[in-house]
$ cat coords-v6.cif   # mmCIF, C-alpha atoms and all ligand atoms
data_run
loop_
_atom_site.label_atom_id
_atom_site.label_comp_id
_atom_site.auth_asym_id
_atom_site.auth_seq_id
_atom_site.Cartn_x
_atom_site.Cartn_y
_atom_site.Cartn_z
CA MET X 1 68.86 69.95 137.38
CA ARG X 2 66.92 67.20 135.64
CA LYS X 3 68.09 66.44 132.09
CA LEU X 4 65.17 65.60 129.85
CA ASP X 5 65.17 63.85 126.47
CA HIS X 6 65.14 66.50 123.74
CA LYS X 7 64.41 63.97 121.00
CA GLN X 8 60.99 63.48 122.56
CA ALA X 9 58.20 66.01 122.20
CA LEU X 10 54.83 66.62 123.81
CA VAL X 11 52.40 68.57 121.63
CA LEU X 12 49.67 70.68 123.21
CA PHE X 13 47.02 69.37 120.87
CA SER X 14 43.50 70.79 120.93
CA GLY X 15 42.32 69.49 117.56
CA GLY X 16 42.31 73.01 116.13
CA GLN X 17 44.04 74.08 112.94
CA ASP X 18 47.18 75.49 114.55
CA SER X 19 47.85 72.64 116.95
CA SER X 20 47.22 70.11 114.15
CA ILE X 21 49.87 71.81 112.01
CA ALA X 22 52.16 71.91 115.06
CA LEU X 23 51.62 68.15 115.46
CA VAL X 24 52.65 67.46 111.86
CA TRP X 25 55.69 69.72 112.34
CA ALA X 26 56.66 67.74 115.45
CA LEU X 27 56.19 64.35 113.76
CA ASP X 28 58.55 65.49 111.01
CA ARG X 29 61.31 66.37 113.52
CA PHE X 30 61.20 64.30 116.68
CA GLU X 31 61.75 60.61 117.42
CA THR X 32 58.64 60.24 119.53
CA VAL X 33 55.69 62.57 119.84
CA GLU X 34 53.06 62.44 122.54
CA THR X 35 49.96 64.62 122.66
CA VAL X 36 48.03 66.28 125.46
CA GLY X 37 44.57 67.84 125.42
CA PHE X 38 42.55 69.65 128.05
CA ASP X 39 38.94 69.29 128.97
CA TYR X 40 37.82 72.49 130.68
CA GLY X 41 34.11 72.49 129.93
CA GLN X 42 34.64 74.35 126.68
CA ARG X 43 31.45 74.77 124.74
CA HIS X 44 33.08 73.60 121.54
CA VAL X 45 33.59 70.13 123.02
CA VAL X 46 33.41 68.94 119.41
CA GLU X 47 37.07 70.02 119.28
CA LEU X 48 37.89 67.04 121.46
CA GLY X 49 36.40 64.71 118.83
CA ALA X 50 38.45 66.49 116.19
CA ARG X 51 41.62 65.52 118.11
CA GLN X 52 40.91 61.85 117.60
CA ALA X 53 39.94 62.31 113.95
CA VAL X 54 43.10 64.27 113.08
CA LYS X 55 45.33 61.70 114.79
CA ARG X 56 43.53 58.78 113.14
CA GLU X 57 43.82 60.32 109.66
CA ILE X 58 47.49 61.22 110.15
CA CYS X 59 48.24 57.62 111.13
CA ALA X 60 46.35 56.28 108.12
CA ALA X 61 48.03 58.61 105.62
CA PHE X 62 51.59 58.66 107.05
CA PRO X 63 52.69 55.26 108.44
CA ALA X 64 56.17 56.59 109.33
CA TRP X 65 54.55 59.18 111.57
CA ALA X 66 52.12 56.66 113.03
CA ALA X 67 55.15 54.75 114.33
CA LYS X 68 56.41 57.84 116.18
CA LEU X 69 53.09 58.89 117.64
CA GLY X 70 52.96 57.88 121.29
CA SER X 71 50.46 58.23 124.09
CA ASP X 72 47.65 60.71 124.03
CA HIS X 73 46.84 62.32 127.37
CA MET X 74 43.70 64.13 128.41
CA ILE X 75 43.87 66.34 131.47
CA SER X 76 40.85 67.80 133.19
CA ALA X 77 41.08 71.55 133.75
CA HIS X 78 37.54 72.10 134.91
CA GLY X 79 38.67 74.67 137.44
CA LEU X 80 38.67 77.07 134.49
CA LYS X 81 34.93 76.61 134.18
CA ASP X 82 34.50 77.46 137.86
CA ILE X 83 36.18 80.80 137.14
CA GLY X 84 33.70 81.00 134.32
CA ASP X 85 31.93 83.95 132.84
CA THR X 86 33.53 83.82 129.40
CA ALA X 87 31.93 83.08 126.05
CA MET X 88 34.18 80.01 125.74
CA THR X 89 32.65 78.15 128.66
CA ALA X 90 29.22 79.78 129.11
CA GLU X 91 26.35 80.68 126.82
CA GLN X 92 27.47 84.24 126.21
CA GLN X 93 27.67 86.32 123.10
CA ILE X 94 30.99 86.07 121.26
CA THR X 95 32.14 89.65 120.78
CA VAL X 96 34.92 92.03 121.82
CA GLY X 97 34.73 93.04 125.49
CA ASP X 98 35.58 96.29 127.34
CA ASP X 99 39.17 95.08 127.79
CA ASN X 100 39.57 94.88 123.96
CA LEU X 101 39.82 91.11 124.21
CA PRO X 102 37.31 88.69 122.66
CA THR X 103 34.73 87.45 125.21
CA THR X 104 36.10 83.98 124.45
CA PHE X 105 39.23 84.91 126.42
CA VAL X 106 39.54 82.64 129.47
CA PRO X 107 41.93 84.44 131.84
CA GLY X 108 44.93 82.28 132.61
CA ARG X 109 43.81 79.39 130.43
CA ASN X 110 46.95 79.00 128.33
CA LEU X 111 49.15 79.60 131.38
CA VAL X 112 47.40 76.72 133.13
CA PHE X 113 47.64 74.48 130.05
CA LEU X 114 51.36 75.10 129.65
CA THR X 115 52.02 74.40 133.32
CA LEU X 116 50.01 71.16 133.26
CA ALA X 117 51.71 70.07 130.03
CA ALA X 118 55.12 70.83 131.55
CA GLY X 119 54.31 68.75 134.62
CA LEU X 120 53.25 65.85 132.41
CA ALA X 121 56.35 66.17 130.21
CA TYR X 122 58.59 66.23 133.30
CA ARG X 123 56.99 63.05 134.63
CA ARG X 124 57.56 61.34 131.27
CA GLY X 125 61.11 62.62 130.75
CA VAL X 126 60.07 64.56 127.65
CA GLY X 127 62.27 67.58 126.95
CA VAL X 128 60.37 69.58 124.35
CA LEU X 129 56.89 71.06 124.53
CA ILE X 130 55.34 72.08 121.22
CA GLY X 131 52.40 74.41 120.75
CA GLY X 132 50.55 76.07 117.90
CA MET X 133 50.49 79.45 119.61
CA CYS X 134 50.70 82.34 117.20
CA GLU X 135 50.82 86.08 117.66
CA THR X 136 50.52 87.06 114.00
CA ASP X 137 46.97 86.26 112.88
CA PHE X 138 45.65 85.69 116.35
CA SER X 139 42.63 86.30 118.52
CA GLY X 140 44.41 88.79 120.79
CA TYR X 141 44.96 86.44 123.72
CA PRO X 142 47.99 87.89 125.55
CA ASP X 143 49.01 84.45 126.88
CA CYS X 144 49.74 83.31 123.30
CA ARG X 145 52.44 85.95 122.90
CA GLU X 146 56.09 85.01 122.75
CA THR X 147 57.02 87.33 125.65
CA ALA X 148 54.46 85.74 128.00
CA LEU X 149 55.42 82.19 126.97
CA SER X 150 59.12 82.81 127.27
CA ALA X 151 58.69 84.23 130.79
CA GLN X 152 56.56 81.26 131.75
CA MET X 153 59.10 78.78 130.42
CA ASP X 154 61.76 80.49 132.57
CA ALA X 155 59.50 79.96 135.59
CA ILE X 156 58.88 76.32 134.63
CA ARG X 157 62.61 75.59 134.24
CA LEU X 158 63.28 77.20 137.62
CA GLY X 159 60.26 75.73 139.38
CA MET X 160 60.78 72.20 138.04
CA GLU X 161 64.58 72.46 137.93
CA CYS X 162 64.89 70.97 134.47
CA ASP X 163 66.02 71.81 130.94
CA MET X 164 62.62 71.75 129.24
CA ARG X 165 62.04 74.00 126.26
CA LEU X 166 59.04 75.15 124.25
CA GLU X 167 58.87 75.31 120.46
CA THR X 168 56.17 77.39 118.75
CA PRO X 169 56.71 76.92 115.01
CA LEU X 170 53.73 79.10 114.05
CA MET X 171 54.45 82.02 116.37
CA ASN X 172 55.43 84.47 113.66
CA GLU X 173 53.52 82.92 110.75
CA THR X 174 50.30 84.12 109.20
CA LYS X 175 47.53 81.53 108.87
CA ALA X 176 48.30 81.32 105.14
CA ALA X 177 51.98 80.72 105.89
CA SER X 178 51.13 77.99 108.39
CA TRP X 179 49.13 76.18 105.68
CA ARG X 180 52.16 76.49 103.40
CA LEU X 181 54.29 75.02 106.19
CA ALA X 182 51.92 72.04 106.49
CA GLU X 183 52.14 71.58 102.73
CA GLU X 184 55.96 71.65 102.76
CA ILE X 185 56.02 68.97 105.43
CA GLY X 186 53.20 66.63 104.44
CA GLY X 187 52.11 67.77 101.00
CA GLU X 188 48.55 68.41 99.91
CA GLN X 189 47.44 65.29 101.73
CA ALA X 190 48.38 66.78 105.10
CA VAL X 191 46.69 70.07 104.25
CA ALA X 192 43.51 68.31 103.12
CA LEU X 193 43.22 66.11 106.20
CA ILE X 194 43.87 68.98 108.62
CA ASN X 195 41.36 71.14 106.78
CA GLU X 196 38.75 68.38 106.87
CA HIS X 197 39.19 67.11 110.41
CA SER X 198 40.59 69.92 112.58
CA HIS X 199 38.11 72.18 114.30
CA SER X 200 38.31 75.92 114.99
CA CYS X 201 34.73 77.22 115.32
CA TYR X 202 33.95 78.60 118.81
CA ARG X 203 30.31 77.62 118.38
CA GLY X 204 31.22 73.99 117.69
CA VAL X 205 29.37 73.90 114.37
CA ARG X 206 30.28 70.89 112.21
CA THR X 207 27.17 70.75 110.05
CA THR X 208 28.25 73.33 107.46
CA ARG X 209 31.31 72.60 105.29
CA HIS X 210 33.05 75.57 103.70
CA ASP X 211 36.12 75.36 101.47
CA TRP X 212 38.16 76.22 104.63
CA GLY X 213 36.58 73.48 106.76
CA TYR X 214 33.58 73.17 109.07
CA GLY X 215 32.15 76.00 111.15
CA CYS X 216 29.42 78.56 111.73
CA GLY X 217 31.17 80.99 109.38
CA ASP X 218 30.87 84.12 111.50
CA CYS X 219 32.54 83.66 114.90
CA PRO X 220 36.06 85.16 115.24
CA ALA X 221 37.72 81.73 114.90
CA CYS X 222 35.83 80.96 111.67
CA ALA X 223 36.59 84.44 110.30
CA LEU X 224 40.32 83.99 110.97
CA ARG X 225 40.35 80.51 109.48
CA ALA X 226 38.40 81.55 106.36
CA LYS X 227 40.69 84.52 105.77
CA GLY X 228 43.85 82.41 106.14
CA TRP X 229 42.59 79.71 103.79
CA ALA X 230 41.62 82.31 101.17
CA GLU X 231 45.09 83.87 101.38
CA TYR X 232 46.77 80.47 101.16
CA LYS X 233 44.72 79.45 98.14
CA SER X 234 45.21 82.74 96.29
CA ALA X 235 49.01 82.85 96.72
ZN ZN X 301 32.39 79.63 114.03
#

$ encode --input "coords-v6.cif" --output "structure tokens"
Amino acid sequence: MRKLDHKQALVLFSGGQDSSIALVWALDRFETVETVGFDYGQRHVVELGARQAVKREICAAFPAWAAKLGSDHMISAHGLKDIGDTAMTAEQQITVGDDNLPTTFVPGRNLVFLTLAAGLAYRRGVGVLIGGMCETDFSGYPDCRETALSAQMDAIRLGMECDMRLETPLMNETKAASWRLAEEIGGEQAVALINEHSHSCYRGVRTTRHDWGYGCGDCPACALRAKGWAEYKSA
């Protein structure tokens, strides 16, 4: 059994709203925080630019966090594009499919990401994975649910023979509550920079700025983000 360092965290960081809030949460709690992102031919590749912007702005605004922020890793997961045929990786309409899941659902995607992140964390001796997965205000992806993640972490601990754990601080929070969490940790400054620089829109639109951030305004990710921001602001 390999003992890993539980004061070190690796955040699955896509540059979206949830993973940006998860990153701030991790920086508030752990001694060192590394980040990992995945390039899988997603059509909102603009998200990958958002990763750099969010990290840069966090470092500028919070020097104590900048000192804890370690390496950023980018892993290619282009095999997911070979499986293909989803609205996330191909030019397909974004809607709800026959299986009641959004056509942006990439089967197995989050399972692959978690496994790759776990392998990277193991190599680096990092004991805690952190993700922004959420099953409250979510897109319906079954691999974001706590039951699926907990089963997968059991498999990872067995298959890698180590004591790694996963923390998902937003799992049971609404989008409005996750904004409140960001505010508790980093104040209005953290909220403002995440709102400005994180990216959620499935269509990759960054030309239109709404009060809730950039996006096309009508894909499921924009709808969820707009609703959460409105609830946060009206509370
Ligand atoms: Zn959108």

$ closest_atom_pairs --input "coords-v6.cif" --of "chain X" --to "ligand ZN 301 (chain X)" --cutoff "9 Å" --atoms "all atoms listed in the file" --output "CSV"
residue,atom,partner,partner_atom,distance
X:Ser200,CA,X:ZN301,ZN,7.1
X:Cys201,CA,X:ZN301,ZN,3.6
X:Tyr202,CA,X:ZN301,ZN,5.1
X:Arg203,CA,X:ZN301,ZN,5.2
X:Gly204,CA,X:ZN301,ZN,6.8
X:Val205,CA,X:ZN301,ZN,6.5
X:Tyr214,CA,X:ZN301,ZN,8.2
X:Gly215,CA,X:ZN301,ZN,4.6
X:Cys216,CA,X:ZN301,ZN,3.9
X:Gly217,CA,X:ZN301,ZN,5.0
X:Asp218,CA,X:ZN301,ZN,5.4
X:Cys219,CA,X:ZN301,ZN,4.1
X:Pro220,CA,X:ZN301,ZN,6.7
X:Ala221,CA,X:ZN301,ZN,5.8
X:Cys222,CA,X:ZN301,ZN,4.4
X:Ala223,CA,X:ZN301,ZN,7.4

$ atom_distance --input "coords-v6.cif" --atom1 "CA of Arg2 (chain X)" --atom2 "CA of Met171 (chain X)"
27.3 Å

$ residues_around --input "coords-v6.cif" --residues "Met1 (chain X)" --least-positions-apart "6" --cutoff "12 Å" --atoms "only C-alpha atoms" --output "PDB file with C-alpha atoms, in the frame of the given file"
ATOM      1  CA  TYR X 122      58.590  66.230 133.300  1.00  0.00           C
ATOM      2  CA  ARG X 157      62.610  75.590 134.240  1.00  0.00           C
ATOM      3  CA  LEU X 158      63.280  77.200 137.620  1.00  0.00           C
ATOM      4  CA  GLY X 159      60.260  75.730 139.380  1.00  0.00           C
ATOM      5  CA  MET X 160      60.780  72.200 138.040  1.00  0.00           C
ATOM      6  CA  GLU X 161      64.580  72.460 137.930  1.00  0.00           C
ATOM      7  CA  CYS X 162      64.890  70.970 134.470  1.00  0.00           C
ATOM      8  CA  ASP X 163      66.020  71.810 130.940  1.00  0.00           C
ATOM      9  CA  MET X 164      62.620  71.750 129.240  1.00  0.00           C
TER      10      MET X 164
END

$ closest_residue --input "coords-v6.cif" --among "X:Glu184, X:Asp154, X:Asp143, X:Glu196" --to "Asp28 (chain X)" --atoms "only C-alpha atoms"
X:Glu184

$ residues_near_point --input "coords-v6.cif" --point "(49.5, 71.9, 113.5)" --cutoff "9 Å" --atoms "all atoms listed in the file" --output "PyMOL selection string"
chain X and resi 13+15-26+131-132+169-170+178-179+182+194

$ write_last_selection --input "coords-v6.cif" --atoms "C-alpha atoms" --output "short mmCIF file (atom, residue, chain, number, x, y, z; two decimals), in the frame of the given file"
data_model
loop_
_atom_site.label_atom_id
_atom_site.label_comp_id
_atom_site.auth_asym_id
_atom_site.auth_seq_id
_atom_site.Cartn_x
_atom_site.Cartn_y
_atom_site.Cartn_z
CA PHE X 13 47.02 69.37 120.87
CA GLY X 15 42.32 69.49 117.56
CA GLY X 16 42.31 73.01 116.13
CA GLN X 17 44.04 74.08 112.94
CA ASP X 18 47.18 75.49 114.55
CA SER X 19 47.85 72.64 116.95
CA SER X 20 47.22 70.11 114.15
CA ILE X 21 49.87 71.81 112.01
CA ALA X 22 52.16 71.91 115.06
CA LEU X 23 51.62 68.15 115.46
CA VAL X 24 52.65 67.46 111.86
CA TRP X 25 55.69 69.72 112.34
CA ALA X 26 56.66 67.74 115.45
CA GLY X 131 52.40 74.41 120.75
CA GLY X 132 50.55 76.07 117.90
CA PRO X 169 56.71 76.92 115.01
CA LEU X 170 53.73 79.10 114.05
CA SER X 178 51.13 77.99 108.39
CA TRP X 179 49.13 76.18 105.68
CA ALA X 182 51.92 72.04 106.49
CA ILE X 194 43.87 68.98 108.62
#

$ closest_residue --input "coords-v6.cif" --among "X:Ile75, X:Val126, X:Ala66, X:Ala177" --to "Phe113 (chain X)" --atoms "all atoms listed in the file"
X:Ile75

$ closest_residue --input "coords-v6.cif" --among "X:Ile83, X:Ile185, X:Val46, X:Leu4" --to "Leu129 (chain X)" --atoms "all atoms listed in the file"
X:Leu4

$ closest_residue --input "coords-v6.cif" --among "X:Ser14, X:Thr147, X:Thr208, X:Ser71" --to "Arg51 (chain X)" --atoms "all atoms listed in the file"
X:Ser14

$ closest_residue --input "coords-v6.cif" --among "X:Gln189, X:Ser76, X:Thr174, X:Gln8" --to "Phe62 (chain X)" --atoms "all atoms listed in the file"
X:Gln189

$ atom_distance --input "coords-v6.cif" --atom1 "CA of Arg225 (chain X)" --atom2 "CA of His197 (chain X)"
13.5 Å

$ atom_distance --input "coords-v6.cif" --atom1 "CA of Glu183 (chain X)" --atom2 "CA of Ala61 (chain X)"
13.9 Å

$ closest_residue --input "coords-v6.cif" --among "X:Arg56, X:Arg165, X:Arg209, X:Lys175" --to "Lys7 (chain X)" --atoms "all atoms listed in the file"
X:Arg165

$ decode --input "coords-v6.cif" --residues "region 24-40 of chain X" --atoms "N, CA, C and O atoms" --output "PDB file, in the first residue's frame"
ATOM      1  N   VAL X  24     -10.098  27.239  -6.021  1.00  0.00           N
ATOM      2  CA  VAL X  24     -10.016  28.207  -4.931  1.00  0.00           C
ATOM      3  C   VAL X  24     -10.189  27.502  -3.576  1.00  0.00           C
ATOM      4  O   VAL X  24      -9.463  27.772  -2.608  1.00  0.00           O
ATOM      5  N   TRP X  25     -11.137  26.579  -3.534  1.00  0.00           N
ATOM      6  CA  TRP X  25     -11.394  25.791  -2.320  1.00  0.00           C
ATOM      7  C   TRP X  25     -10.122  25.023  -1.922  1.00  0.00           C
ATOM      8  O   TRP X  25      -9.741  24.970  -0.743  1.00  0.00           O
ATOM      9  N   ALA X  26      -9.469  24.434  -2.918  1.00  0.00           N
ATOM     10  CA  ALA X  26      -8.257  23.655  -2.650  1.00  0.00           C
ATOM     11  C   ALA X  26      -7.124  24.558  -2.171  1.00  0.00           C
ATOM     12  O   ALA X  26      -6.401  24.216  -1.222  1.00  0.00           O
ATOM     13  N   LEU X  27      -6.966  25.715  -2.798  1.00  0.00           N
ATOM     14  CA  LEU X  27      -5.885  26.630  -2.419  1.00  0.00           C
ATOM     15  C   LEU X  27      -6.051  27.127  -0.987  1.00  0.00           C
ATOM     16  O   LEU X  27      -5.074  27.431  -0.300  1.00  0.00           O
ATOM     17  N   ASP X  28      -7.285  27.187  -0.529  1.00  0.00           N
ATOM     18  CA  ASP X  28      -7.580  27.625   0.829  1.00  0.00           C
ATOM     19  C   ASP X  28      -7.210  26.553   1.861  1.00  0.00           C
ATOM     20  O   ASP X  28      -7.035  26.858   3.026  1.00  0.00           O
ATOM     21  N   ARG X  29      -7.105  25.294   1.438  1.00  0.00           N
ATOM     22  CA  ARG X  29      -6.989  24.179   2.388  1.00  0.00           C
ATOM     23  C   ARG X  29      -5.705  23.362   2.343  1.00  0.00           C
ATOM     24  O   ARG X  29      -5.352  22.714   3.318  1.00  0.00           O
ATOM     25  N   PHE X  30      -5.048  23.333   1.201  1.00  0.00           N
ATOM     26  CA  PHE X  30      -3.920  22.419   1.042  1.00  0.00           C
ATOM     27  C   PHE X  30      -2.599  23.173   0.943  1.00  0.00           C
ATOM     28  O   PHE X  30      -2.570  24.350   0.610  1.00  0.00           O
ATOM     29  N   GLU X  31      -1.514  22.472   1.262  1.00  0.00           N
ATOM     30  CA  GLU X  31      -0.197  23.119   1.258  1.00  0.00           C
ATOM     31  C   GLU X  31       0.294  23.385  -0.151  1.00  0.00           C
ATOM     32  O   GLU X  31       0.890  24.412  -0.434  1.00  0.00           O
ATOM     33  N   THR X  32       0.109  22.388  -1.019  1.00  0.00           N
ATOM     34  CA  THR X  32       0.439  22.612  -2.427  1.00  0.00           C
ATOM     35  C   THR X  32      -0.697  22.087  -3.287  1.00  0.00           C
ATOM     36  O   THR X  32      -1.345  21.089  -2.947  1.00  0.00           O
ATOM     37  N   VAL X  33      -0.930  22.786  -4.372  1.00  0.00           N
ATOM     38  CA  VAL X  33      -2.043  22.444  -5.260  1.00  0.00           C
ATOM     39  C   VAL X  33      -1.531  22.423  -6.692  1.00  0.00           C
ATOM     40  O   VAL X  33      -1.028  23.434  -7.196  1.00  0.00           O
ATOM     41  N   GLU X  34      -1.654  21.265  -7.319  1.00  0.00           N
ATOM     42  CA  GLU X  34      -1.327  21.173  -8.743  1.00  0.00           C
ATOM     43  C   GLU X  34      -2.635  21.084  -9.521  1.00  0.00           C
ATOM     44  O   GLU X  34      -3.690  20.807  -8.951  1.00  0.00           O
ATOM     45  N   THR X  35      -2.559  21.320 -10.804  1.00  0.00           N
ATOM     46  CA  THR X  35      -3.773  21.279 -11.636  1.00  0.00           C
ATOM     47  C   THR X  35      -3.540  20.365 -12.831  1.00  0.00           C
ATOM     48  O   THR X  35      -2.408  20.222 -13.310  1.00  0.00           O
ATOM     49  N   VAL X  36      -4.614  19.751 -13.294  1.00  0.00           N
ATOM     50  CA  VAL X  36      -4.535  18.934 -14.507  1.00  0.00           C
ATOM     51  C   VAL X  36      -5.734  19.247 -15.393  1.00  0.00           C
ATOM     52  O   VAL X  36      -6.856  19.428 -14.916  1.00  0.00           O
ATOM     53  N   GLY X  37      -5.459  19.339 -16.689  1.00  0.00           N
ATOM     54  CA  GLY X  37      -6.526  19.560 -17.674  1.00  0.00           C
ATOM     55  C   GLY X  37      -6.414  18.515 -18.776  1.00  0.00           C
ATOM     56  O   GLY X  37      -5.367  17.864 -18.920  1.00  0.00           O
ATOM     57  N   PHE X  38      -7.485  18.351 -19.521  1.00  0.00           N
ATOM     58  CA  PHE X  38      -7.514  17.328 -20.557  1.00  0.00           C
ATOM     59  C   PHE X  38      -7.911  17.932 -21.890  1.00  0.00           C
ATOM     60  O   PHE X  38      -8.882  18.680 -21.993  1.00  0.00           O
ATOM     61  N   ASP X  39      -7.123  17.578 -22.882  1.00  0.00           N
ATOM     62  CA  ASP X  39      -7.419  17.994 -24.243  1.00  0.00           C
ATOM     63  C   ASP X  39      -7.975  16.762 -24.952  1.00  0.00           C
ATOM     64  O   ASP X  39      -7.275  15.766 -25.122  1.00  0.00           O
ATOM     65  N   TYR X  40      -9.256  16.817 -25.302  1.00  0.00           N
ATOM     66  CA  TYR X  40      -9.866  15.643 -25.944  1.00  0.00           C
ATOM     67  C   TYR X  40     -10.595  16.038 -27.216  1.00  0.00           C
ATOM     68  O   TYR X  40     -11.515  15.361 -27.653  1.00  0.00           O
TER      69      TYR X  40
END
